[in-house]
Structures are given as structure tokens and as C-alpha cells.
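Note sheet for the following structure.
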Amino acid sequence: MRGRKGKMVIGIFILAVFSLLLTMEVAHAAVFYGEVVATEVKSIQVRGNNGRVSVFWLGRHTRLTSRHPFVGDRVKITYVKDRLRRNAATRITILGR
């Protein structure tokens with residue numbers, strides 16, 4: 001009885017580990033170029049070259065090259081999708097006005 005129960009616990013553990021590994025998503029960084037339209041407390045809105053406005057969330061892991069971008073600045077934003085499917089900015093580079 002004890003050996004059967006131990007094998008069952010090990011089997012369930014291995015199944016749980018494999019299911020977690022199969023459902024994990026790898027975050028791929030993407031780059032967005034545009035002009036800053038608006039800034040809020042923890043987000044920034046950027047109009048891209050195609051005219052579409054995208055919202056990027058800033059957090060403690062966001063790297064700023066020099067300063068926080070102002071309205072009208074051209075920026076290059078490297079971002080990933082976070083767990084809530086938001087655009088989480090990882091690096092913001094100011095290209096000029």
C-alpha cells in the first residue's frame with residue numbers, strides 16, 4: 001500500500017511539472033517607434049508611424065536612457081506583453097523632438 005501511494009504522488013508531481021512547462025509562454029520583446037501623445041502616472045500613450053495610438057505601462061523595471069519623455073518627443077520603446085496582456089515597456093529611448 002505504501003509503495004503504490006508513493007508512486008501515485010510522484011506521478012502527480014511529474015504531471016504537474018510537465019503541465020506547467022507546457023503552458024509557460026516566453027516573452028518576446030518588440031520595438032515600437034512613435035511620438036508621445038500623453039503621459040499619465042504609470043502609462044504613456046504613443047502615436048506610431050501608422051497613426052495608431054498605443055498605451056505602454058511603465059513600472060519599476062522600465063529603463064529610461066536619459067529622462068522621462070515629454071509630449072511631442074520621438075521615442076523608441078522596447079516592450080513585452082505582461083500577464084494581463086498589457087504592453088509593458090522595458091526600455092524607453094528618446095530619439096529627439
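Residues are named by chain letter and number: chains run A, B, ... in the order of the C-alpha cells, numbers start at 1 in each chain, and ligands are numbered from 1 in the order shown.
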Would you pick out the contacts of region 49-63 of chain A at 9 Å or less, using only C-alpha atoms, so that residues sharing its chain but fewer than 4 positions from it are not included, and give the list as a VMD selection string? chain A and resid 33 to 35 37 41 to 45 77 79 86 to 93
Let me see the file: selected residues, C-alpha atoms, as an mmCIF file, in the first residue's frame.
```cif
data_model
loop_
_atom_site.group_PDB
_atom_site.id
_atom_site.type_symbol
_atom_site.label_atom_id
_atom_site.label_comp_id
_atom_site.auth_asym_id
_atom_site.auth_seq_id
_atom_site.Cartn_x
_atom_site.Cartn_y
_atom_site.Cartn_z
ATOM 1 C CA TYR A 33 8.615 53.829 -32.747
ATOM 2 C CA GLY A 34 6.413 56.879 -32.381
ATOM 3 C CA GLU A 35 5.655 60.271 -30.864
ATOM 4 C CA VAL A 37 0.851 61.924 -27.220
ATOM 5 C CA VAL A 41 1.030 58.356 -13.780
ATOM 6 C CA LYS A 42 2.174 54.858 -14.791
ATOM 7 C CA SER A 43 1.452 54.820 -18.519
ATOM 8 C CA ILE A 44 2.460 56.582 -21.691
ATOM 9 C CA GLN A 45 0.489 56.915 -24.935
ATOM 10 C CA ILE A 77 10.010 51.699 -26.888
ATOM 11 C CA TYR A 79 8.135 46.248 -24.708
ATOM 12 C CA ARG A 86 -0.788 44.865 -21.475
ATOM 13 C CA ASN A 87 2.189 46.426 -23.242
ATOM 14 C CA ALA A 88 4.815 46.634 -20.508
ATOM 15 C CA ALA A 89 7.664 48.957 -21.513
ATOM 16 C CA THR A 90 11.114 47.580 -20.668
ATOM 17 C CA ARG A 91 13.266 50.322 -22.246
ATOM 18 C CA ILE A 92 12.453 53.815 -23.474
ATOM 19 C CA THR A 93 14.935 55.679 -25.672
#
```
In Å to one decimal, how far is CA of Leu64 (chain A) from CA of Arg85 (chain A)? 22.0 Å
With only C-alpha atoms as the basis for distance, which of A:Ile12, A:Leu22, A:Val71, A:Val17 is at the shortest distance from Thr39 (chain A)?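 Counting only C-alpha atoms, the residue closest to Thr39 (chain A) is A:Val71.
Comparing A:Lys76, A:Arg47, A:Lys5, A:Arg67 by their smallest distance to Phe32 (chain A), the closest is A:Lys76 (using only C-alpha atoms).
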Neighbours of region 94-97 of chain A within 8 Å (only C-alpha atoms; same-chain residues fewer than 5 positions away dropped), as an NGL selection string? :A and (65-66 or 69 or 72-76)
Take the residues that were just selected and, keeping C-alpha atoms, output them as a short mmCIF file (atom, residue, chain, number, x, y, z; two decimals), in the first residue's frame.
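What follows is the written file result_21.cif:
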```cif
data_model
loop_
_atom_site.label_atom_id
_atom_site.label_comp_id
_atom_site.auth_asym_id
_atom_site.auth_seq_id
_atom_site.Cartn_x
_atom_site.Cartn_y
_atom_site.Cartn_z
CA THR A 65 18.04 56.22 -21.12
CA SER A 66 18.09 59.86 -20.01
CA PRO A 69 9.73 61.54 -22.26
CA GLY A 72 5.99 65.58 -28.58
CA ASP A 73 9.21 63.56 -28.12
CA ARG A 74 10.03 60.85 -30.65
CA VAL A 75 10.70 57.62 -28.76
CA LYS A 76 11.75 54.05 -29.33
#
```
Point-to-point distance from CA of Gly48 (chain A) to CA of Val80 (chain A), Å rounded to tenths: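 Calculated distance between CA of Gly48 (chain A) and CA of Val80 (chain A) is 16.6 Å.
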Taking only chain A into account, list the residues labelled strand (DSSP E or B) by DSSP (computed from the backbone), as a ChimeraX atom specification. /A:30-39,43-48,53-57,63-64,74-81,87-96
Interatomic distance between CA of Lys81 (chain A) and CA of Leu21 (chain A)?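 A separation of 18.7 Å between them.
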Using backbone DSSP assignments, extract all alpha helix (DSSP H) residues from chain A; output them as a PyMOL selection string. chain A and resi 2-23
Could you dump the residues just selected with C-alpha atoms as a compact mmCIF listing (two decimals), in the first residue's frame?
```txt
# COMPACT_ATOMS: atom_id res chain seq x y z
CA ARG A 2 2.77 2.41 0.85
CA GLY A 3 4.66 1.87 -2.44
CA ARG A 4 1.53 2.39 -4.52
CA LYS A 5 0.70 5.66 -2.76
CA GLY A 6 4.28 6.94 -3.19
CA LYS A 7 4.25 6.14 -6.92
CA MET A 8 0.94 7.97 -7.27
CA VAL A 9 2.28 11.09 -5.52
CA ILE A 10 5.41 11.09 -7.69
CA GLY A 11 3.31 10.62 -10.84
CA ILE A 12 1.02 13.53 -9.97
CA PHE A 13 4.05 15.71 -9.21
CA ILE A 14 5.68 14.89 -12.55
CA LEU A 15 2.39 15.53 -14.37
CA ALA A 16 2.03 18.93 -12.66
CA VAL A 17 5.59 19.95 -13.57
CA PHE A 18 5.15 18.98 -17.22
CA SER A 19 1.80 20.76 -17.48
CA LEU A 20 3.38 23.94 -16.07
CA LEU A 21 6.27 23.72 -18.52
CA LEU A 22 3.96 23.24 -21.49
CA THR A 23 1.72 26.19 -20.63
```
